[in-house]
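> work-v5.txt is the file, holding compact mmCIF, C-alpha atoms:
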```txt
# COMPACT_ATOMS: atom_id res chain seq x y z
CA MET A 1065 36.20 -55.65 -30.29
CA GLU A 1066 35.26 -54.78 -33.87
CA ARG A 1067 38.22 -56.62 -35.40
CA GLN A 1068 36.44 -59.90 -34.62
CA LEU A 1069 34.41 -59.24 -37.75
CA ASP A 1070 37.42 -58.82 -40.07
CA TYR A 1071 37.16 -62.48 -41.09
CA TRP A 1072 33.54 -62.10 -42.15
CA LYS A 1073 33.98 -59.06 -44.37
CA GLY A 1074 33.37 -60.17 -47.94
CA LYS A 1075 32.16 -63.61 -46.81
CA LYS A 1076 28.74 -65.00 -47.67
CA ILE A 1077 26.56 -65.82 -44.67
CA ASN A 1078 24.34 -68.87 -45.16
CA LYS A 1079 21.27 -67.56 -43.31
CA GLU A 1080 19.20 -70.68 -43.99
CA LEU A 1081 21.88 -72.95 -42.55
CA MET A 1082 22.32 -70.72 -39.50
CA GLU A 1083 18.60 -70.92 -38.79
CA THR A 1084 18.69 -74.71 -39.16
CA LEU A 1085 21.70 -74.99 -36.87
CA PHE A 1086 19.80 -72.90 -34.34
CA ILE A 1087 16.57 -74.92 -34.54
CA TYR A 1088 18.29 -78.27 -34.06
CA SER A 1089 21.11 -77.02 -31.85
CA PRO A 1090 22.09 -79.18 -28.87
CA PHE A 1091 23.61 -76.01 -27.34
CA ARG A 1092 21.90 -73.36 -25.26
CA MET A 1093 21.30 -70.66 -27.84
CA HIS A 1094 19.02 -67.69 -28.32
CA LYS A 1095 17.89 -65.86 -31.43
CA PHE A 1096 17.25 -62.12 -31.64
CA VAL A 1097 15.63 -60.63 -34.74
CA ILE A 1098 16.39 -56.91 -34.80
CA LYS A 1099 14.44 -54.45 -36.95
CA GLY A 1100 15.03 -50.84 -36.01
CA GLU A 1101 14.16 -50.52 -32.32
CA THR A 1102 12.15 -53.75 -32.31
CA ILE A 1103 13.75 -56.97 -31.05
CA THR A 1104 11.97 -60.31 -31.27
CA PRO A 1105 13.63 -62.98 -29.10
CA THR A 1106 13.33 -66.74 -29.48
CA TYR A 1107 14.45 -68.67 -26.44
CA HIS A 1108 15.87 -71.94 -27.66
CA TRP A 1109 16.16 -73.56 -24.25
CA HIS A 1110 14.57 -71.94 -21.21
CA SER A 1111 12.07 -69.19 -21.81
CA LYS A 1112 12.78 -67.73 -18.36
CA ARG A 1113 16.57 -68.09 -18.44
CA GLN A 1114 17.94 -64.99 -16.72
CA ARG A 1115 20.90 -64.62 -19.06
CA ALA A 1116 18.58 -64.38 -22.05
CA TYR A 1117 16.68 -61.51 -20.43
CA THR A 1118 19.94 -59.78 -19.53
CA ILE A 1119 21.11 -59.99 -23.15
CA LEU A 1120 17.74 -58.78 -24.41
CA ASN A 1121 17.78 -55.75 -22.08
CA PHE A 1122 21.33 -54.93 -23.21
CA LEU A 1123 20.35 -55.17 -26.88
CA GLU A 1124 17.30 -52.98 -26.29
CA LEU A 1125 19.58 -50.22 -25.00
CA ILE A 1126 21.80 -50.60 -28.06
CA VAL A 1127 19.01 -50.36 -30.64
CA LYS A 1128 17.75 -47.16 -29.05
CA LYS A 1129 21.08 -45.64 -29.97
CA TYR A 1130 21.73 -47.55 -33.22
CA ASN A 1131 18.20 -47.86 -34.56
CA ASN A 1132 18.94 -48.67 -38.20
CA LEU A 1133 19.74 -52.36 -37.71
CA ASN A 1134 17.95 -55.08 -39.65
CA CYS A 1135 19.54 -58.44 -38.88
CA THR A 1136 19.29 -61.68 -36.92
CA ILE A 1137 21.88 -62.69 -34.36
CA TYR A 1138 22.27 -66.07 -32.67
CA ILE A 1139 23.91 -66.10 -29.26
CA ARG A 1140 25.21 -69.01 -27.20
CA ASP A 1141 25.15 -67.83 -23.59
CA GLY A 1142 26.75 -70.87 -21.94
CA ASP A 1143 29.85 -71.12 -19.77
CA PHE A 1144 31.80 -73.26 -22.26
CA THR A 1145 33.06 -72.88 -25.79
CA PHE A 1146 31.25 -74.73 -28.59
CA GLU A 1147 34.34 -76.90 -28.97
CA LYS A 1148 34.43 -77.93 -25.33
CA VAL A 1149 30.76 -78.93 -25.30
CA VAL A 1150 31.19 -80.95 -28.47
CA LYS A 1151 34.32 -82.65 -27.17
CA ASP A 1152 33.00 -83.39 -23.69
CA ASP A 1153 29.31 -84.07 -24.30
CA ILE A 1154 28.77 -85.16 -27.88
CA ILE A 1155 31.68 -86.27 -30.04
CA THR A 1156 32.82 -88.96 -27.59
CA ASN A 1157 29.40 -90.60 -28.01
CA LEU A 1158 28.56 -89.55 -31.53
CA ASP A 1159 28.75 -93.02 -33.05
CA ILE A 1160 25.93 -94.08 -30.76
CA ILE A 1161 23.75 -91.21 -31.96
CA TYR A 1162 24.84 -91.28 -35.57
CA ASN A 1163 24.62 -95.00 -36.35
CA ASP A 1164 21.96 -96.37 -34.04
CA SER A 1165 18.29 -96.19 -35.07
CA PRO A 1166 15.68 -95.86 -33.76
CA VAL A 1167 16.46 -93.91 -30.58
CA SER A 1168 15.68 -96.10 -27.59
CA ASN A 1169 15.63 -95.75 -23.82
CA GLU A 1170 18.76 -97.89 -23.68
CA HIS A 1171 20.37 -95.54 -26.16
CA ILE A 1172 19.60 -92.52 -23.95
CA ARG A 1173 20.76 -94.35 -20.81
CA ARG A 1174 24.14 -95.08 -22.40
CA ILE A 1175 24.59 -91.43 -23.41
CA LYS A 1176 23.73 -90.24 -19.90
CA GLU A 1177 26.26 -92.64 -18.39
CA LEU A 1178 29.05 -91.57 -20.71
CA THR A 1179 28.44 -87.83 -20.63
CA LYS A 1180 27.11 -87.38 -17.07
CA ARG A 1181 24.60 -85.03 -18.64
CA LYS A 1182 20.81 -85.19 -18.29
CA TRP A 1183 19.98 -85.94 -21.89
CA ASP A 1184 16.32 -86.38 -22.71
CA PRO A 1185 14.57 -87.66 -25.87
CA LEU A 1186 14.27 -84.10 -27.22
CA ASP A 1187 18.07 -83.70 -27.18
CA ILE A 1188 18.52 -86.94 -29.07
CA THR A 1189 15.82 -86.07 -31.59
CA LYS A 1190 17.47 -82.74 -32.34
CA LEU A 1191 20.83 -84.40 -32.87
CA ARG A 1192 19.33 -86.99 -35.20
CA GLU A 1193 17.59 -84.29 -37.26
CA LEU A 1194 20.82 -82.32 -37.40
CA SER A 1195 22.66 -85.42 -38.62
CA LYS A 1196 20.46 -85.40 -41.74
CA ILE A 1197 21.70 -81.92 -42.64
CA ILE A 1198 25.37 -81.72 -41.63
CA ASP A 1199 28.30 -84.05 -41.08
CA MET A 1200 28.00 -84.53 -37.33
CA LYS A 1201 31.62 -85.53 -36.92
CA ASN A 1202 32.53 -81.99 -37.99
CA MET A 1203 29.75 -80.36 -36.02
CA SER A 1204 31.94 -77.87 -34.12
CA LYS A 1205 33.27 -76.56 -37.47
CA TYR A 1206 29.76 -75.51 -38.53
CA TYR A 1207 29.23 -73.67 -35.26
CA THR A 1208 32.69 -72.13 -34.85
CA ILE A 1209 34.26 -71.68 -38.30
CA ASP A 1210 31.62 -71.57 -41.01
CA ASN A 1211 28.95 -69.34 -39.44
CA PRO A 1212 29.11 -66.10 -37.38
CA PHE A 1213 27.52 -67.22 -34.13
CA PHE A 1214 27.90 -64.97 -31.09
CA CYS A 1215 29.09 -66.28 -27.73
CA ILE A 1216 30.51 -65.20 -24.38
CA TYR A 1217 33.45 -67.58 -24.35
CA LYS A 1218 35.21 -68.99 -27.42
CA ASP A 1219 38.17 -70.92 -28.73
CA ILE A 1220 40.77 -68.43 -29.94
CA MET A 1221 40.92 -70.14 -33.37
CA SER A 1222 37.17 -69.97 -33.98
CA ASN A 1223 35.35 -67.35 -36.04
CA ASN A 1224 32.69 -66.82 -33.38
CA ILE A 1225 32.08 -63.29 -32.13
CA CYS A 1226 32.63 -62.57 -28.43
CA ILE A 1227 30.05 -60.48 -26.64
CA PRO A 1228 30.42 -58.95 -23.15
CA ASP A 1229 29.46 -61.43 -20.46
CA HIS A 1230 26.03 -61.27 -18.83
CA PHE A 1231 27.35 -59.68 -15.62
CA PHE A 1232 29.06 -56.97 -17.62
CA MET A 1233 25.76 -56.42 -19.45
CA LYS A 1234 24.16 -55.79 -16.06
CA ASN A 1235 26.92 -53.29 -15.23
CA TYR A 1236 29.87 -54.54 -13.19
CA LYS A 1237 30.08 -51.23 -11.34
CA LYS A 1238 26.73 -52.06 -9.74
CA TYR A 1239 26.52 -55.85 -9.70
CA ASN A 1240 28.45 -59.06 -9.20
CA ARG A 1241 27.46 -62.71 -8.91
CA LEU A 1242 25.85 -62.13 -5.52
CA SER A 1243 23.18 -59.57 -6.32
CA LYS A 1244 22.78 -58.38 -2.72
CA SER A 1245 26.48 -57.83 -2.09
CA VAL A 1246 28.76 -54.87 -2.79
CA SER A 1247 29.82 -54.71 -6.44
CA TYR A 1248 33.27 -55.92 -7.46
CA TYR A 1249 34.09 -52.39 -8.55
CA GLN A 1250 33.29 -50.87 -5.17
CA GLN A 1251 34.97 -53.68 -3.25
CA VAL A 1252 38.21 -53.67 -5.27
CA MET A 1253 38.57 -49.89 -5.51
CA SER A 1254 38.24 -49.73 -1.74
CA LEU A 1255 40.95 -52.39 -1.32
CA ASN A 1256 43.18 -50.55 -3.81
CA GLU A 1257 43.28 -47.68 -1.32
CA LYS A 1258 43.98 -50.05 1.55
CA PHE A 1259 46.85 -52.07 0.01
CA ASN A 1260 49.81 -50.48 -1.77
CA LEU A 1261 51.42 -52.55 -4.52
CA LYS A 1262 54.95 -52.19 -3.13
CA ASP A 1263 53.86 -53.47 0.29
CA LYS A 1264 52.13 -56.61 -0.97
CA LYS A 1265 53.46 -60.16 -0.62
CA ASN A 1266 55.88 -60.96 -3.41
CA LYS A 1267 54.08 -64.05 -4.69
CA ALA A 1268 51.52 -64.95 -7.33
CA VAL A 1269 48.23 -66.25 -5.99
CA PHE A 1270 45.47 -68.31 -7.60
CA SER A 1271 42.29 -69.21 -5.76
CA GLY A 1272 39.78 -71.38 -7.59
CA ARG A 1273 37.79 -74.57 -7.43
CA ASP A 1274 39.26 -77.99 -8.10
CA LYS A 1275 38.13 -77.89 -11.74
CA TYR A 1276 40.91 -75.35 -12.42
CA LYS A 1277 43.52 -78.06 -11.99
CA LYS A 1278 46.20 -76.66 -14.29
CA TYR A 1279 46.18 -73.37 -12.37
CA ASN A 1280 46.03 -74.99 -8.94
CA ASP A 1281 48.98 -77.17 -9.98
CA LEU A 1282 51.13 -74.04 -10.35
CA ASN A 1283 51.50 -74.32 -6.58
CA ARG A 1284 54.60 -76.44 -7.25
CA TYR A 1285 56.51 -73.29 -8.22
CA GLU A 1286 58.33 -71.45 -5.46
CA TYR A 1287 56.67 -68.08 -6.01
CA VAL A 1288 53.12 -69.32 -6.56
CA THR A 1289 50.55 -70.13 -3.89
CA THR A 1290 47.15 -71.72 -4.51
CA ASN A 1291 46.25 -73.15 -1.10
CA PRO A 1292 44.28 -72.48 0.98
CA LYS A 1293 41.46 -70.89 -0.98
CA ARG A 1294 41.27 -67.14 -0.45
CA ASN A 1295 38.59 -64.48 -0.82
CA ILE A 1296 39.14 -61.24 -2.77
CA ASN A 1297 40.40 -59.36 0.27
CA GLN A 1298 43.00 -62.05 0.95
CA GLN A 1299 44.09 -62.37 -2.69
CA LEU A 1300 44.67 -58.65 -3.05
CA GLN A 1301 47.32 -58.80 -0.35
CA TYR A 1302 49.52 -60.43 -3.02
CA LYS A 1303 51.49 -58.52 -5.63
CA PHE A 1304 50.60 -60.91 -8.49
CA LEU A 1305 47.25 -62.50 -9.41
CA ILE A 1306 47.02 -65.42 -11.84
CA GLY A 1307 44.20 -64.69 -14.26
CA THR A 1308 42.38 -66.76 -16.85
CA TYR A 1309 39.83 -65.83 -19.50
CA SER A 1310 37.63 -68.71 -18.36
CA ARG A 1311 36.59 -66.74 -15.24
CA TRP A 1312 35.02 -63.60 -16.67
CA ASP A 1313 34.02 -61.81 -13.48
CA THR A 1314 37.27 -62.73 -11.72
CA ILE A 1315 39.59 -61.43 -14.43
CA TYR A 1316 37.65 -58.16 -14.34
CA TRP A 1317 38.38 -57.44 -10.68
CA GLN A 1318 41.94 -58.81 -10.96
CA LEU A 1319 42.75 -56.30 -13.70
CA LEU A 1320 40.86 -53.56 -11.86
CA SER A 1321 42.95 -54.10 -8.74
CA ASN A 1322 46.34 -52.52 -8.12
CA SER A 1323 47.98 -55.95 -8.12
CA VAL A 1324 49.61 -57.18 -11.33
CA THR A 1325 47.73 -59.83 -13.32
CA LEU A 1326 49.57 -62.75 -14.92
CA ILE A 1327 47.85 -64.36 -17.93
CA GLU A 1328 49.16 -67.41 -19.78
CA GLU A 1329 51.05 -66.58 -22.97
CA ASN A 1330 48.99 -68.60 -25.44
CA PRO A 1331 45.44 -68.91 -24.12
CA ARG A 1332 43.22 -71.34 -25.95
CA GLU A 1333 39.91 -69.86 -24.84
CA ILE A 1334 39.16 -66.14 -24.65
CA LEU A 1335 36.55 -63.57 -23.66
CA PHE A 1336 35.86 -60.14 -25.14
CA TYR A 1337 38.53 -58.72 -22.77
CA TYR A 1338 41.14 -60.32 -25.01
CA TYR A 1339 40.51 -57.67 -27.66
CA TYR A 1340 41.38 -54.85 -25.25
CA LEU A 1341 44.30 -56.25 -23.28
CA LYS A 1342 47.91 -55.77 -24.38
CA PRO A 1343 50.77 -57.89 -22.98
CA ASN A 1344 53.33 -56.10 -20.81
CA ILE A 1345 51.05 -53.08 -20.77
CA HIS A 1346 47.92 -54.35 -18.99
CA TYR A 1347 49.24 -57.72 -17.79
CA ILE A 1348 52.35 -59.89 -17.80
CA PRO A 1349 52.22 -63.02 -19.97
CA TYR A 1350 53.60 -66.14 -18.33
CA ASN A 1351 54.34 -69.76 -19.11
CA GLU A 1352 55.25 -72.55 -16.73
CA ASN A 1353 58.95 -72.10 -17.44
CA ASN A 1354 59.11 -68.43 -16.56
CA ILE A 1355 56.43 -67.85 -13.93
CA ASN A 1356 58.99 -67.54 -11.11
CA ASN A 1357 60.92 -64.99 -13.19
CA CYS A 1358 57.74 -62.97 -13.76
CA VAL A 1359 57.46 -62.58 -10.00
CA CYS A 1360 61.15 -61.99 -9.22
CA ASN A 1361 62.72 -60.24 -12.18
CA ASN A 1362 60.55 -57.18 -12.81
CA ASP A 1363 61.33 -53.83 -11.24
CA GLU A 1364 58.82 -51.83 -9.23
CA VAL A 1365 58.51 -49.05 -11.82
CA PHE A 1366 57.47 -51.56 -14.51
CA LEU A 1367 55.02 -53.32 -12.18
CA ASP A 1368 53.51 -50.05 -10.99
CA LYS A 1369 52.95 -48.96 -14.59
CA ILE A 1370 51.18 -52.22 -15.49
CA SER A 1371 49.06 -52.00 -12.35
CA LYS A 1372 47.90 -48.49 -13.21
CA GLU A 1373 47.33 -49.22 -16.91
CA SER A 1374 45.17 -52.27 -16.20
CA THR A 1375 43.15 -50.47 -13.54
CA ASN A 1376 42.58 -47.52 -15.87
CA LEU A 1377 41.52 -49.84 -18.69
CA MET A 1378 38.97 -51.66 -16.56
CA GLU A 1379 37.62 -48.34 -15.27
CA SER A 1380 37.23 -47.17 -18.88
CA LEU A 1381 35.22 -50.26 -19.91
CA THR A 1382 32.03 -48.83 -18.51
CA PHE A 1383 28.54 -50.13 -19.14
CA GLU A 1384 27.90 -47.14 -21.39
CA LYS A 1385 31.09 -47.79 -23.36
CA MET A 1386 30.10 -51.43 -23.91
CA ILE A 1387 26.75 -50.32 -25.31
CA ASP A 1388 28.61 -48.00 -27.68
CA GLU A 1389 31.33 -50.53 -28.64
CA PHE A 1390 28.99 -53.47 -29.16
CA GLY A 1391 26.60 -51.20 -31.04
CA LYS A 1392 29.39 -50.30 -33.48
CA LEU A 1393 30.19 -54.00 -33.87
CA LEU A 1394 26.54 -54.72 -34.69
CA LEU A 1395 26.56 -51.98 -37.33
CA ILE A 1396 29.41 -53.80 -39.11
CA TYR A 1397 27.68 -57.17 -38.64
CA ASN A 1398 24.47 -55.68 -40.00
CA GLU A 1399 26.27 -54.57 -43.16
CA ILE A 1400 27.82 -58.02 -43.63
CA TYR A 1401 24.51 -59.75 -42.92
CA ASN A 1402 22.67 -57.69 -45.55
CA SER A 1403 25.38 -57.67 -48.20
CA GLN A 1404 24.29 -60.90 -49.90
```
Would you put the structure from the file into structure tokens?


Amino acid sequence: MERQLDYWKGKKINKELMETLFIYSPFRMHKFVIKGETITPTYHWHSKRQRAYTILNFLELIVKKYNNLNCTIYIRDGDFTFEKVVKDDIITNLDIIYNDSPVSNEHIRRIKELTKRKWDPLDITKLRELSKIIDMKNMSKYYTIDNPFFCIYKDIMSNNICIPDHFFMKNYKKYNRLSKSVSYYQQVMSLNEKFNLKDKKNKAVFSGRDKYKKYNDLNRYEYVTTNPKRNINQQLQYKFLIGTYSRWDTIYWQLLSNSVTLIEENPREILFYYYYLKPNIHYIPYNENNINNCVCNNDEVFLDKISKESTNLMESLTFEKMIDEFGKLLLIYNEIYNSQ
């Protein structure tokens, strides 16, 4: 995880610009000022947003252990990368925002129609103020290349810093998306005892909503099945699981299971898991030309080894370890932040 900061070593951080980009940000972002064991949060969007509280609680545990920090971190806690939000919600309509003045109701209506997003006058005002400071047509560069913003999910080419996702910060061994249900850890470890790898169906399975079209389309390959949709119990009856970094809680239990996870060779977007996983040790990389071979041409000894290595890795990424690992990352960030 710490190697994410290699790019920033020796670089100058423009603190004033980062604060400005935060104030006028059209993204869901939060600011945490850390001084010793004191953390002062600023909630940029929703003051009662659960993810912000989860992050704050996680950081409070870190600063109790690493209490010599004196820095400010800005975290985007959304489900998309900066680049995807810019591409889908802003850049396609930027000429309307950038060239048209003053902002009018018609202006806002046109943006809503084009983006299918509930823009309000505050959003537009922020964008117009930001346009006075930066070149809006290169907006994603400021947020992903030129400044060390933290995020859950990022483009692999960006210089953002991945943090553990909010469910991991709550402790995956105890929680999952449905707070009243059995944790993924408990559920999957129980199924690991029930289903042996060698006895599982020799196919790769993907089960996801329609928005995951490129993965659902893999159904056209002989050894891949994507329909009907299956729950965890049903998926773990298959020897291979198709994983993606865009589903952070899913990839956790896939790698934890005793099935073998397939992950695309050149992912564009990644999570913090990316910095721990090694191809052909914890998972098998695939592309659309070789996915059938991945299923058919690997011997049981190799598959069993990958299954055990991935399960062991996920078991080792405990809540306590994440506090320790992210704390060490913040120590390095703190040094970079104060080196100006």

> What is the distance between CA of Phe1213 (chain A) and CA of Tyr1138 (chain A), in Å to one decimal?

5.6 Å

> In terms of the shortest atom-to-atom distance over all atoms listed in the file, which of A:Thr1375, A:Asn1211, A:Asn1351, A:Asn1357 is closest to Ser1323 (chain A)?

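Among the listed residues, the smallest separation from Ser1323 (chain A) belongs to A:Thr1375.
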
> Provide the CA of Ile1227 (chain A) to CA of Ser1254 (chain A) distance in Å, to one decimal place.

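CA of Ser1254 (chain A) lies at a distance of 28.3 Å from CA of Ile1227 (chain A).
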
> What's the separation between CA of Asn1330 (chain A) and CA of Tyr1207 (chain A), in Å to one decimal place?

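Distance reported for this atom pair: 22.6 Å.
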
> Name the residues in contact with Tyr1248 (chain A) at a cut-off of 12 Å, using only C-alpha atoms, excluding same-chain residues fewer than 2 positions from it; report them as a PyMOL selection string.

chain A and resi 1231-1232+1235-1246+1250-1256+1296-1297+1313-1321+1378-1379

> List every protein, DNA or RNA residue with an atom no more than 12 Å from (60.4, -63.1, -12.0) in the file's coordinates, counting all atoms listed in the file, and format the result as number ranges by chain.

A: 1266-1268, 1285-1288, 1303-1304, 1326, 1348-1364, 1367

> Looking at A:Ser1222, A:Gln1114, A:Thr1102, A:Asn1134, which one is nearest to Tyr1401 (chain A), with distances taken over all atoms listed in the file?

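Smallest separation from Tyr1401 (chain A) among the options: A:Asn1134.
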